[in-house]
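Chemist: So here's run13.cif (mmCIF, C-alpha atoms).
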```cif
data_input
loop_
_atom_site.group_PDB
_atom_site.id
_atom_site.type_symbol
_atom_site.label_atom_id
_atom_site.label_comp_id
_atom_site.auth_asym_id
_atom_site.auth_seq_id
_atom_site.Cartn_x
_atom_site.Cartn_y
_atom_site.Cartn_z
ATOM 1 C CA MET A 662 78.195 120.699 94.179
ATOM 2 C CA ARG A 663 81.758 121.418 94.852
ATOM 3 C CA ARG A 664 80.788 122.047 98.410
ATOM 4 C CA ASN A 665 79.199 118.619 98.731
ATOM 5 C CA ALA A 666 82.256 116.933 97.253
ATOM 6 C CA THR A 667 84.450 118.629 99.834
ATOM 7 C CA LYS A 668 82.161 117.474 102.622
ATOM 8 C CA VAL A 669 82.201 113.892 101.329
ATOM 9 C CA ALA A 670 85.993 113.905 101.005
ATOM 10 C CA ALA A 671 86.348 115.197 104.561
ATOM 11 C CA ALA A 672 84.014 112.505 105.903
ATOM 12 C CA VAL A 673 85.893 109.736 104.063
ATOM 13 C CA LEU A 674 89.207 111.060 105.284
ATOM 14 C CA SER A 675 88.057 111.224 108.953
ATOM 15 C CA LEU A 676 86.591 107.739 108.676
ATOM 16 C CA ALA A 677 89.918 106.392 107.357
ATOM 17 C CA VAL A 678 91.857 108.024 110.228
ATOM 18 C CA THR A 679 89.396 106.604 112.781
ATOM 19 C CA MET A 680 89.620 103.075 111.356
ATOM 20 C CA THR A 681 93.409 102.977 111.460
ATOM 21 C CA SER A 682 93.498 104.002 115.135
ATOM 22 C CA VAL A 683 91.139 101.202 116.260
ATOM 23 C CA ASN A 684 93.113 98.168 117.527
ATOM 24 C CA ILE A 685 91.602 94.950 116.196
ATOM 25 C CA PRO A 686 92.949 91.754 117.851
ATOM 26 C CA THR A 687 94.628 89.474 115.383
ATOM 27 C CA SER A 688 96.154 86.778 117.645
ATOM 28 C CA ALA A 689 94.775 84.169 120.072
ATOM 29 C CA ALA A 690 96.544 85.896 122.976
ATOM 30 C CA ALA A 691 94.567 89.040 122.411
ATOM 31 C CA ALA A 692 91.300 87.096 122.222
ATOM 32 C CA THR A 693 89.381 85.920 125.302
ATOM 33 C CA LYS A 694 91.475 83.610 127.517
ATOM 34 C CA LYS A 695 90.547 79.934 127.530
ATOM 35 C CA VAL A 696 88.875 78.315 130.580
ATOM 36 C CA LYS A 697 90.763 75.290 131.922
ATOM 37 C CA LEU A 698 91.510 73.244 135.051
ATOM 38 C CA ASN A 699 94.890 73.766 136.722
ATOM 39 C CA LYS A 700 95.484 69.968 136.423
ATOM 40 C CA THR A 701 94.140 67.397 133.979
ATOM 41 C CA LYS A 702 95.625 64.414 135.838
ATOM 42 C CA ALA A 703 97.154 63.846 139.266
ATOM 43 C CA THR A 704 98.508 60.972 141.364
ATOM 44 C CA LEU A 705 97.878 60.914 145.126
ATOM 45 C CA THR A 706 98.667 58.588 148.016
ATOM 46 C CA VAL A 707 95.811 57.463 150.295
ATOM 47 C CA GLY A 708 95.112 60.222 152.830
ATOM 48 C CA LYS A 709 96.741 63.035 150.802
ATOM 49 C CA SER A 710 94.899 65.843 149.004
ATOM 50 C CA ILE A 711 95.191 68.531 146.314
ATOM 51 C CA THR A 712 92.988 71.438 145.291
ATOM 52 C CA LEU A 713 91.726 71.733 141.729
ATOM 53 C CA LYS A 714 90.996 75.211 140.352
ATOM 54 C CA LEU A 715 89.139 76.254 137.237
ATOM 55 C CA LYS A 716 90.943 79.245 135.723
ATOM 56 C CA GLN A 717 90.531 81.727 132.931
ATOM 57 C CA GLY A 718 93.994 83.227 132.568
ATOM 58 C CA SER A 719 95.007 84.212 136.108
ATOM 59 C CA LYS A 720 91.401 84.514 137.307
ATOM 60 C CA THR A 721 89.956 81.622 139.367
ATOM 61 C CA LEU A 722 86.356 80.836 138.422
ATOM 62 C CA LYS A 723 83.589 79.554 140.691
ATOM 63 C CA ALA A 724 82.751 76.043 139.544
ATOM 64 C CA THR A 725 81.058 73.009 141.065
ATOM 65 C CA PHE A 726 83.081 69.806 141.457
ATOM 66 C CA ILE A 727 81.958 66.159 141.649
ATOM 67 C CA SER A 728 83.783 62.812 141.835
ATOM 68 C CA SER A 729 83.007 59.829 139.623
ATOM 69 C CA ASN A 730 83.913 57.442 142.471
ATOM 70 C CA LYS A 731 83.614 58.743 146.047
ATOM 71 C CA LYS A 732 85.113 55.509 147.460
ATOM 72 C CA ILE A 733 88.382 56.294 145.642
ATOM 73 C CA ALA A 734 88.530 60.124 145.849
ATOM 74 C CA THR A 735 86.178 62.690 147.350
ATOM 75 C CA VAL A 736 85.977 66.344 146.316
ATOM 76 C CA ALA A 737 84.579 69.419 148.064
ATOM 77 C CA LYS A 738 81.752 70.668 145.840
ATOM 78 C CA LYS A 739 82.688 74.377 145.972
ATOM 79 C CA THR A 740 86.426 74.458 146.791
ATOM 80 C CA GLY A 741 87.668 71.595 144.590
ATOM 81 C CA LYS A 742 89.750 70.009 147.364
ATOM 82 C CA VAL A 743 90.304 66.364 146.359
ATOM 83 C CA THR A 744 91.117 63.792 149.080
ATOM 84 C CA ALA A 745 92.405 60.308 148.224
ATOM 85 C CA LYS A 746 90.462 57.578 150.073
ATOM 86 C CA LYS A 747 91.393 54.198 148.557
ATOM 87 C CA LYS A 748 93.640 52.763 145.825
ATOM 88 C CA GLY A 749 92.151 53.162 142.328
ATOM 89 C CA THR A 750 91.146 55.852 139.817
ATOM 90 C CA ALA A 751 88.409 58.467 139.747
ATOM 91 C CA THR A 752 87.512 61.390 137.512
ATOM 92 C CA ILE A 753 86.786 64.779 139.027
ATOM 93 C CA THR A 754 84.461 66.911 136.903
ATOM 94 C CA ALA A 755 84.248 70.700 137.239
ATOM 95 C CA THR A 756 81.144 72.365 135.787
ATOM 96 C CA TYR A 757 81.117 76.039 134.779
ATOM 97 C CA LYS A 758 78.397 77.657 132.623
ATOM 98 C CA LYS A 759 77.131 74.209 131.545
ATOM 99 C CA LYS A 760 80.599 73.186 130.290
ATOM 100 C CA LYS A 761 82.484 70.292 131.888
ATOM 101 C CA TYR A 762 86.231 70.081 132.611
ATOM 102 C CA LYS A 763 87.789 66.799 133.786
ATOM 103 C CA CYS A 764 90.801 65.694 135.833
ATOM 104 C CA LYS A 765 91.842 62.030 136.174
ATOM 105 C CA ILE A 766 92.911 61.167 139.739
ATOM 106 C CA THR A 767 95.028 58.044 140.379
ATOM 107 C CA VAL A 768 95.245 56.958 144.008
ATOM 108 C CA LYS A 769 98.111 54.767 145.197
ATOM 109 C CA ALA A 770 98.192 52.767 148.441
ATOM 110 C CA LYS A 771 100.160 54.102 151.393
ATOM 111 C CA PRO A 772 103.714 52.792 151.377
ATOM 112 C CA LYS A 773 104.362 50.247 154.096
ATOM 113 C CA PRO A 774 106.576 51.643 156.845
ATOM 114 C CA THR A 775 110.124 50.374 156.730
ATOM 115 C CA VAL A 776 111.709 49.255 159.965
ATOM 116 C CA LYS A 777 115.073 50.851 160.468
ATOM 117 C CA PRO A 778 117.643 48.893 162.468
ATOM 118 C CA THR A 779 118.427 50.257 165.883
ATOM 119 C CA VAL A 780 121.894 51.300 166.938
ATOM 120 C CA LYS A 781 123.908 48.291 168.040
ATOM 121 C CA PRO A 782 125.044 48.297 171.697
ATOM 122 C CA THR A 783 128.773 48.687 172.284
ATOM 123 C CA ALA A 784 129.091 45.614 174.548
ATOM 124 C CA ALA A 785 127.274 42.396 173.829
ATOM 125 C CA PRO A 786 124.946 41.360 176.662
ATOM 126 C CA THR A 787 125.717 38.050 178.393
ATOM 127 C CA THR A 788 123.670 35.652 180.457
ATOM 128 C CA GLU A 789 126.616 34.976 182.777
ATOM 129 C CA PRO A 790 126.699 36.840 186.116
ATOM 130 C CA THR A 791 129.764 38.981 186.800
ATOM 131 C CA ALA A 792 130.466 37.250 190.161
ATOM 132 C CA ALA A 793 129.558 33.681 191.062
ATOM 133 C CA PRO A 794 126.902 33.520 193.795
ATOM 134 C CA THR A 795 127.760 31.509 196.930
ATOM 135 C CA THR A 796 125.740 29.966 199.726
ATOM 136 C CA GLU A 797 128.542 30.370 202.242
ATOM 137 C CA PRO A 798 128.184 33.119 204.874
ATOM 138 C CA THR A 799 130.695 35.911 204.607
ATOM 139 C CA ALA A 800 131.625 35.832 208.350
ATOM 140 C CA GLU A 801 130.885 33.207 210.986
ATOM 141 C CA PRO A 802 129.219 34.361 214.175
ATOM 142 C CA THR A 803 130.987 33.445 217.406
ATOM 143 C CA THR A 804 129.702 33.172 220.944
ATOM 144 C CA GLU A 805 132.860 34.745 222.310
ATOM 145 C CA PRO A 806 133.076 38.509 222.505
ATOM 146 C CA THR A 807 135.833 39.993 220.344
ATOM 147 C CA ALA A 808 136.431 42.924 222.694
ATOM 148 C CA THR A 809 135.289 43.964 226.119
ATOM 149 C CA PRO A 810 133.393 47.183 226.144
ATOM 150 C CA ALA A 811 135.215 49.888 228.079
ATOM 151 C CA ASP A 812 132.188 51.482 229.679
ATOM 152 C CA THR A 813 130.647 48.282 231.178
ATOM 153 C CA VAL A 814 130.692 47.860 234.914
ATOM 154 C CA GLY A 815 130.673 44.093 235.038
ATOM 155 C CA ALA A 816 131.894 41.156 232.992
ATOM 156 C CA ILE A 817 129.861 39.522 230.238
ATOM 157 C CA THR A 818 128.529 36.252 231.492
ATOM 158 C CA SER A 819 126.851 35.009 228.288
ATOM 159 C CA LEU A 820 126.539 35.976 224.622
ATOM 160 C CA GLU A 821 123.798 34.598 222.374
ATOM 161 C CA ALA A 822 123.064 35.215 218.662
ATOM 162 C CA THR A 823 119.309 35.720 218.361
ATOM 163 C CA SER A 824 119.421 36.420 214.593
ATOM 164 C CA ALA A 825 121.980 37.023 211.885
ATOM 165 C CA SER A 826 122.347 40.655 212.881
ATOM 166 C CA THR A 827 121.457 40.649 216.615
ATOM 167 C CA LEU A 828 123.500 39.529 219.643
ATOM 168 C CA LYS A 829 122.135 39.198 223.184
ATOM 169 C CA ALA A 830 124.654 39.823 225.935
ATOM 170 C CA THR A 831 124.199 39.190 229.688
ATOM 171 C CA PHE A 832 126.354 41.112 232.177
ATOM 172 C CA GLU A 833 127.384 40.463 235.747
ATOM 173 C CA SER A 834 126.172 43.313 237.826
ATOM 174 C CA ALA A 835 128.918 44.800 239.874
ATOM 175 C CA VAL A 836 128.429 47.765 242.031
ATOM 176 C CA PRO A 837 131.548 49.850 242.525
#
```
Here is the file; what I need is its structure written in the form of structure tokens.
Modeler:
Amino acid sequence: MRRNATKVAAAVLSLAVTMTSVNIPTSAAAATKKVKLNKTKATLTVGKSITLKLKQGSKTLKATFISSNKKIATVAKKTGKVTAKKKGTATITATYKKKKYKCKITVKAKPKPTVKPTVKPTAAPTTEPTAAPTTEPTAEPTTEPTATPADTVGAITSLEATSASTLKATFESAVP
């Protein structure tokens, strides 16, 4: 009987040592990480986009995404990319293992472009011409030659202006 008591004591002692070495989680951090969306609300401008992700700790989970109002914001079913379409609000719902996770999307209108003033010119433009136009000719044509050409053989008998830039001269033919 003494033998059996020794065996029982040894079993109890080994069981006690085994139980103290087992690590039992006592805090929420040690428990399974919570599943959640990376954003629960977001504000976008028309034309802009964000990507929603369903995470469990640092791990990204594969979820399906849908929009409550596709006219306001659309979402890619598998990637979670949300694109703002029109001013308003929509709710994006991610579904994972029959549980739903929501994100409220507020879409604002595009800001109206502001017109920046241009650089002012250094001199103010005027409507006045720099020189007054005139109807007077700059030089008057004459019928008299101003000089006798040195290489002509005879004398000029007549000189006629055929246009503003052309003169017609008639020479006396003289044979040397």
Chemist: Using only C-alpha atoms, determine which residues lie at most 7 Å from region 695-701 of chain A, disregarding the query and same-chain residues fewer than 2 positions distant; provide the list as a list in words.
Modeler: Thr693, Ala703, Leu713, Lys714, Leu715, Lys716, Gln717, Gly718, Tyr762, Lys763, Cys764 and Lys765 of chain A
Chemist: Residues within 9 Å of Ser728 (chain A), please, as a list in words. Count all atoms listed in the file; anything in the same chain fewer than 3 positions from it doesn't count.
Modeler: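 Surrounding residues, per the criterion: Lys731, Ile733, Ala734, Thr735, Val736, Val743, Ala751, Thr752, Ile753 and Thr754 of chain A.
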Chemist: What is the CA of Ser819 (chain A) to CA of Thr831 (chain A) distance in Å?
Modeler: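 Answer for the CA of Ser819 (chain A) to CA of Thr831 (chain A) separation: 5.1 Å.
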Chemist: Tell me, in Å to one decimal, how far CA of Thr744 (chain A) is from CA of Lys760 (chain A).
Modeler: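 Spanning CA of Thr744 (chain A) to CA of Lys760 (chain A) is a straight-line distance of 23.5 Å.
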Chemist: Have a look at A:Leu705, A:Thr767, A:Lys694, A:Thr827 and name the one nearest to Ser719 (chain A); count all atoms listed in the file.
Modeler: A:Lys694
